[in-house]
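Note: the block below is work-v6.txt and it holds compact mmCIF, C-alpha atoms.
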# COMPACT_ATOMS: atom_id res chain seq x y z
CA MET A 10 -4.18 55.29 37.95
CA GLY A 11 -6.28 55.71 34.79
CA CYS A 12 -3.74 58.12 33.26
CA LEU A 13 -0.83 55.83 33.95
CA HIS A 14 -2.72 52.92 32.48
CA LYS A 15 -3.54 54.91 29.36
CA ARG A 16 0.07 55.91 28.78
CA TYR A 17 1.11 52.27 29.11
CA ASP A 18 -1.52 51.13 26.62
CA LEU A 19 -0.57 53.89 24.16
CA LYS A 20 3.00 52.57 24.06
CA ILE A 21 1.69 49.13 23.16
CA VAL A 22 -0.53 50.47 20.38
CA MET A 23 2.33 52.53 18.97
CA GLY A 24 4.47 49.41 18.97
CA LEU A 25 1.86 47.57 16.94
CA SER A 26 1.90 50.31 14.32
CA LEU A 27 5.63 49.66 13.77
CA GLY A 28 5.57 45.90 14.07
CA PHE A 29 3.88 43.05 15.84
CA LEU A 30 3.32 42.59 19.57
CA CYS A 31 6.35 40.66 20.89
CA LEU A 32 5.60 38.46 23.87
CA PRO A 33 7.15 35.17 25.08
CA LEU A 34 5.56 31.75 25.03
CA VAL A 35 4.91 30.19 28.43
CA ALA A 36 4.46 26.60 29.51
CA VAL A 37 1.28 24.70 28.67
CA GLU A 38 -1.07 23.93 31.54
CA THR A 39 -4.16 21.74 31.27
CA SER A 40 -5.60 21.82 34.77
CA ALA A 41 -9.29 20.98 34.99
CA ALA A 42 -11.92 22.89 36.93
CA PRO A 43 -15.33 21.92 38.33
CA GLN A 44 -18.15 22.22 35.81
CA GLU A 45 -20.11 24.70 37.93
CA LEU A 46 -17.32 27.31 37.81
CA PRO A 47 -17.69 30.01 35.12
CA ALA A 48 -15.40 29.45 32.14
CA ALA A 49 -15.50 33.11 31.18
CA THR A 50 -17.36 36.42 31.54
CA VAL A 51 -19.01 38.53 28.85
CA LEU A 52 -17.41 41.97 28.90
CA ASP A 53 -19.52 43.56 26.15
CA VAL A 54 -21.90 42.72 23.31
CA SER A 55 -22.41 44.62 20.07
CA GLY A 56 -25.15 44.04 17.53
CA GLY A 57 -26.66 41.10 19.36
CA ALA A 58 -25.45 37.62 20.27
CA GLU A 59 -26.93 34.49 21.86
CA VAL A 60 -25.81 31.90 24.38
CA LEU A 61 -26.82 28.26 24.83
CA HIS A 62 -26.38 27.22 28.46
CA PRO A 63 -25.97 23.50 29.20
CA SER A 64 -28.78 23.60 31.78
CA VAL A 65 -31.28 25.50 29.63
CA ARG A 66 -30.82 23.96 26.18
CA ARG A 67 -32.26 26.89 24.25
CA TRP A 68 -30.62 29.95 22.79
CA VAL A 69 -31.14 33.15 24.81
CA ARG A 70 -29.86 36.68 24.47
CA LEU A 71 -26.27 37.18 25.56
CA GLU A 72 -26.02 39.88 28.22
CA LYS A 73 -23.11 42.11 29.19
CA MET A 74 -21.14 41.23 32.37
CA THR A 75 -22.65 37.76 32.78
CA PRO A 76 -20.71 34.51 33.33
CA ILE A 77 -20.49 31.78 30.69
CA PRO A 78 -20.43 28.35 32.36
CA SER A 79 -18.45 25.44 30.98
CA GLY A 80 -20.45 23.51 28.41
CA SER A 81 -22.03 26.66 26.92
CA LYS A 82 -22.01 27.93 23.34
CA VAL A 83 -22.07 31.52 22.06
CA ARG A 84 -23.05 32.62 18.56
CA THR A 85 -23.27 35.92 16.71
CA GLY A 86 -25.28 37.03 13.68
CA ASP A 87 -24.64 39.23 10.66
CA LYS A 88 -23.89 42.33 12.76
CA GLY A 89 -23.05 40.83 16.13
CA SER A 90 -19.83 40.51 18.12
CA THR A 91 -18.84 40.01 21.73
CA GLN A 92 -15.71 40.32 23.85
CA ILE A 93 -15.15 37.72 26.54
CA ILE A 94 -12.61 37.80 29.36
CA PHE A 95 -11.06 34.88 31.26
CA GLU A 96 -9.29 36.66 34.13
CA LYS A 97 -10.42 39.45 36.43
CA ASN A 98 -7.68 41.85 35.34
CA LEU A 99 -8.39 41.29 31.64
CA GLU A 100 -5.10 39.52 30.90
CA THR A 101 -6.89 37.15 28.52
CA VAL A 102 -9.57 38.41 26.14
CA VAL A 103 -11.20 37.04 23.00
CA LYS A 104 -13.46 38.75 20.50
CA LEU A 105 -15.97 36.60 18.64
CA ASP A 106 -16.68 38.33 15.35
CA LYS A 107 -19.88 38.34 13.28
CA ASN A 108 -21.42 35.09 11.99
CA SER A 109 -19.32 33.00 14.37
CA GLN A 110 -19.86 30.30 16.99
CA LEU A 111 -17.69 29.47 20.00
CA SER A 112 -17.99 26.59 22.48
CA PHE A 113 -16.62 26.31 26.02
CA PRO A 114 -15.70 22.66 26.75
CA THR A 115 -16.84 21.30 30.10
CA GLY A 116 -14.23 21.43 32.84
CA ARG A 117 -11.59 23.33 30.81
CA PRO A 118 -11.71 27.05 31.77
CA GLN A 119 -8.72 28.00 29.56
CA THR A 120 -10.02 26.26 26.42
CA VAL A 121 -12.39 27.36 23.64
CA PHE A 122 -13.60 25.62 20.49
CA LEU A 123 -14.13 27.82 17.43
CA GLU A 124 -16.81 25.98 15.50
CA LYS A 125 -16.98 28.57 12.72
CA GLY A 126 -16.17 32.21 12.00
CA ARG A 127 -13.45 34.50 13.32
CA LEU A 128 -11.86 34.79 16.76
CA PHE A 129 -9.42 37.45 18.00
CA VAL A 130 -7.26 36.46 21.00
CA LEU A 131 -4.94 38.58 23.16
CA ARG A 132 -3.00 37.37 26.24
CA GLU A 133 -0.82 39.75 28.22
CA GLU A 134 1.60 39.56 31.12
CA GLY A 135 -0.13 38.07 34.15
CA ALA A 136 -2.19 35.55 32.18
CA ALA A 137 -2.18 32.13 33.84
CA GLY A 138 -0.68 29.20 31.95
CA ALA A 139 -1.45 28.61 28.28
CA PHE A 140 -4.69 29.16 26.42
CA GLU A 141 -5.96 26.37 24.17
CA ILE A 142 -7.95 27.10 21.02
CA ARG A 143 -9.49 24.22 19.11
CA THR A 144 -11.13 23.93 15.73
CA ARG A 145 -12.30 20.83 13.93
CA HIS A 146 -8.93 20.69 12.15
CA LEU A 147 -6.42 22.01 14.67
CA ARG A 148 -5.47 22.33 18.34
CA MET A 149 -3.43 25.39 19.28
CA HIS A 150 -1.69 26.47 22.51
CA LEU A 151 -0.99 30.17 23.03
CA GLY A 152 1.10 31.44 25.94
CA LEU A 153 1.40 35.21 25.74
CA GLY A 154 0.72 37.09 22.52
CA GLY A 155 -2.07 37.65 20.04
CA CYS A 156 -3.65 35.98 17.04
CA ILE A 157 -6.67 35.84 14.75
CA LEU A 158 -8.26 32.54 13.76
CA ASP A 159 -10.68 31.99 10.88
CA ALA A 160 -12.35 28.59 10.77
CA SER A 161 -14.84 26.85 8.49
CA ALA A 162 -15.68 23.28 7.54
CA LYS A 163 -13.16 23.33 4.69
CA GLY A 164 -10.54 25.87 5.71
CA LEU A 165 -8.47 27.36 8.51
CA ARG A 166 -6.28 30.43 8.88
CA VAL A 167 -4.19 31.45 11.91
CA ARG A 168 -2.34 34.80 12.00
CA MET A 169 0.21 35.49 14.76
CA PHE A 170 0.75 39.03 16.09
CA GLY A 171 2.84 38.36 19.18
CA GLY A 172 4.66 35.53 20.88
CA GLU A 173 4.30 32.17 19.18
CA ALA A 174 1.80 29.30 19.22
CA LEU A 175 2.17 25.54 19.28
CA LEU A 176 0.10 23.90 16.55
CA ASP A 177 -0.40 20.16 16.93
CA SER A 178 1.28 18.04 14.28
CA GLN A 179 2.70 21.10 12.55
CA GLY A 180 6.35 20.93 13.61
CA ALA A 181 7.96 24.20 14.70
CA PRO A 182 5.82 26.81 16.53
CA LEU A 183 3.98 29.41 14.49
CA ALA A 184 5.97 32.59 15.13
CA GLU A 185 5.00 36.25 15.26
CA GLY A 186 4.47 37.72 11.80
CA TYR A 187 3.58 34.39 10.20
CA GLN A 188 0.31 32.71 9.30
CA PHE A 189 -0.83 29.12 8.93
CA LEU A 190 -3.22 28.24 6.13
CA GLY A 191 -5.10 24.96 5.86
CA HIS A 192 -7.46 23.73 3.16
CA PHE A 193 -9.32 20.51 3.93
CA ALA A 194 -11.65 19.99 0.98
CA GLY A 195 -11.12 16.75 -0.93
CA LYS A 196 -9.07 13.73 0.06
CA LYS A 197 -5.77 15.45 0.78
CA ALA A 198 -5.34 18.37 3.18
CA GLU A 199 -3.15 21.29 2.07
CA LYS A 200 -1.18 23.07 4.82
CA ARG A 201 1.41 25.84 4.64
CA LYS A 202 3.03 28.65 6.61
CA THR A 203 3.74 32.04 5.05
CA ARG A 204 5.04 35.41 6.12
CA MET A 205 2.28 38.03 6.55
CA VAL A 206 2.21 41.33 4.69
CA TYR A 207 0.69 44.66 5.68
CA HIS A 208 -2.91 44.01 4.61
CA ASP A 209 -2.96 40.85 6.77
CA THR A 210 -2.53 43.04 9.88
CA ILE A 211 -5.20 45.70 9.33
CA ASP A 212 -8.02 43.90 11.20
CA TRP A 213 -5.73 43.17 14.15
CA GLU A 214 -4.45 46.73 14.55
CA ALA A 215 -7.99 48.16 14.37
CA TRP A 216 -9.25 45.76 17.04
CA VAL A 217 -6.34 46.04 19.46
CA ARG A 218 -6.50 49.85 19.45
CA ARG A 219 -10.18 49.70 20.29
CA TRP A 220 -9.55 47.01 22.92
CA TYR A 221 -7.11 49.18 24.86
CA GLU A 222 -9.70 51.97 24.93
CA VAL A 223 -12.25 49.51 26.37
CA LYS A 224 -9.71 48.20 28.86
CA ASP A 225 -8.78 51.70 30.00
CA ASP A 226 -12.46 52.59 30.52
CA PHE A 227 -12.98 49.36 32.46
CA PHE A 228 -10.24 50.13 34.98
CA ALA A 229 -11.29 53.78 35.25
CA ASP A 230 -14.84 52.71 36.14
CA LYS A 231 -13.48 50.16 38.60
CA LEU A 232 -11.35 52.75 40.34
CA GLU A 233 -14.29 55.18 40.52
CA LYS A 234 -16.45 52.54 42.22
CA GLU A 235 -13.70 51.71 44.70
CA MET A 236 -13.39 55.38 45.64
CA ASP A 237 -17.15 55.88 45.95
CA PHE A 238 -17.59 55.40 49.71

Translate the structure described by the file into structure tokens.
Amino acid sequence: MGCLHKRYDLKIVMGLSLGFLCLPLVAVETSAAPQELPAATVLDVSGGAEVLHPSVRRWVRLEKMTPIPSGSKVRTGDKGSTQIIFEKNLETVVKLDKNSQLSFPTGRPQTVFLEKGRLFVLREEGAAGAFEIRTRHLRMHLGLGGCILDASAKGLRVRMFGGEALLDSQGAPLAEGYQFLGHFAGKKAEKRKTRMVYHDTIDWEAWVRRWYEVKDDFFADKLEKEMDF
């Protein structure tokens, strides 16, 4: 099973080297969930990160393979990052990069709020419904596909690497191979869409290759545990 999975992932990575990951957009779903249900699970942590649980109200160390309840916040430092999954078979994964902060709104298990920093998102076949990503300046719905978001108080950048995303109040969907840029300093906001070039894709290709290695190891370990009678 591990070998088959690896060959499948290799084809995807090779496809990214030639172009972007092409996946269709699916319908938006906004079903709510009880607050006590986990919004997500921490798959791994690198360089240190912290979580603020709604019931604790103080920042504590973020641990690998622990749930993140709705209403929580996660932040990383100068060298920290974490990968968080939203479905048991890893169909939806996000990576919170260094110097970033992510919130998990209460009662919305398929929604995250990027308060600042950089977020990588990948959704593959089998992912349920649409995934909503919010910033202070934008609300975005992603069906299947991948993207990188950079958010700050004065600026926003969204890069699409597969499928397409619906951006509120922005007209046509943001398609694969394009990026949305927003500058919000001053009285008038500046917004535009442009075609990406090669150097815009380097961070994505490096991360997604590493992600498929992590995913392959995850399923190999899972299979080994299932066979360990």

At most 12 Å is the cut-off: for each residue in range 90-168 of chain A with any atom that close to an atom of range 204-216 of chain A, write down the nearest atom pair and the distance in Å rounded to one decimal, counting only C-alpha atoms, chain first then increasing number, as JSON lines.
{"residue": "A:Ser90", "atom": "CA", "partner": "A:Trp216", "partner_atom": "CA", "distance": 11.9}
{"residue": "A:Gln92", "atom": "CA", "partner": "A:Trp216", "partner_atom": "CA", "distance": 10.8}
{"residue": "A:Val102", "atom": "CA", "partner": "A:Trp216", "partner_atom": "CA", "distance": 11.7}
{"residue": "A:Val103", "atom": "CA", "partner": "A:Trp216", "partner_atom": "CA", "distance": 10.7}
{"residue": "A:Lys104", "atom": "CA", "partner": "A:Trp216", "partner_atom": "CA", "distance": 8.9}
{"residue": "A:Leu105", "atom": "CA", "partner": "A:Trp216", "partner_atom": "CA", "distance": 11.5}
{"residue": "A:Asp106", "atom": "CA", "partner": "A:Trp216", "partner_atom": "CA", "distance": 10.6}
{"residue": "A:Arg127", "atom": "CA", "partner": "A:Asp212", "partner_atom": "CA", "distance": 11.1}
{"residue": "A:Leu128", "atom": "CA", "partner": "A:Trp213", "partner_atom": "CA", "distance": 10.7}
{"residue": "A:Phe129", "atom": "CA", "partner": "A:Trp213", "partner_atom": "CA", "distance": 7.8}
{"residue": "A:Val130", "atom": "CA", "partner": "A:Trp213", "partner_atom": "CA", "distance": 9.7}
{"residue": "A:Leu131", "atom": "CA", "partner": "A:Trp213", "partner_atom": "CA", "distance": 10.1}
{"residue": "A:Gly155", "atom": "CA", "partner": "A:Trp213", "partner_atom": "CA", "distance": 8.9}
{"residue": "A:Cys156", "atom": "CA", "partner": "A:Trp213", "partner_atom": "CA", "distance": 8.0}
{"residue": "A:Ile157", "atom": "CA", "partner": "A:Trp213", "partner_atom": "CA", "distance": 7.4}
{"residue": "A:Leu158", "atom": "CA", "partner": "A:Trp213", "partner_atom": "CA", "distance": 10.9}
{"residue": "A:Arg166", "atom": "CA", "partner": "A:Asp209", "partner_atom": "CA", "distance": 11.1}
{"residue": "A:Val167", "atom": "CA", "partner": "A:Met205", "partner_atom": "CA", "distance": 10.7}
{"residue": "A:Arg168", "atom": "CA", "partner": "A:Met205", "partner_atom": "CA", "distance": 7.8}

| task | For CA of Leu190 in chain A and CA of Gly89 in chain A, quote the distance in Å rounded to one decimal. | result | 25.5 Å

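The residue that comes closest to Pro182 in chain A, out of A:Thr50, A:Lys202, A:Gly195, A:Gly135 and on the basis of all atoms listed in the file, is A:Lys202.
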
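For the point (-14.7, 31.8, 30.3) in file coordinates, the residues within 6 Å, using all atoms listed in the file, are A:Pro47, A:Ala48, A:Ala49, A:Thr50, A:Ile77, A:Phe95, A:Pro118.
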
| Point-to-point distance from CA of Thr115 in chain A to CA of Leu71 in chain A, Å rounded to tenths | 19.0 Å

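Note that the spacing between CA of Asp159 in chain A and CA of Ile94 in chain A amounts to 19.5 Å.
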
| field | Best match for closeness to Val217 in chain A among A:Glu185, A:Gly180, A:Gly171, A:Lys97, counting only C-alpha atoms | value |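 Looking only at the distances to Val217 in chain A, the closest residue turns out to be A:Gly171.
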
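If you measure from each of A:Ala137, A:Val69, A:Leu99, A:Met149 to Leu52 in chain A using only C-alpha atoms, the closest one turns out to be A:Leu99.
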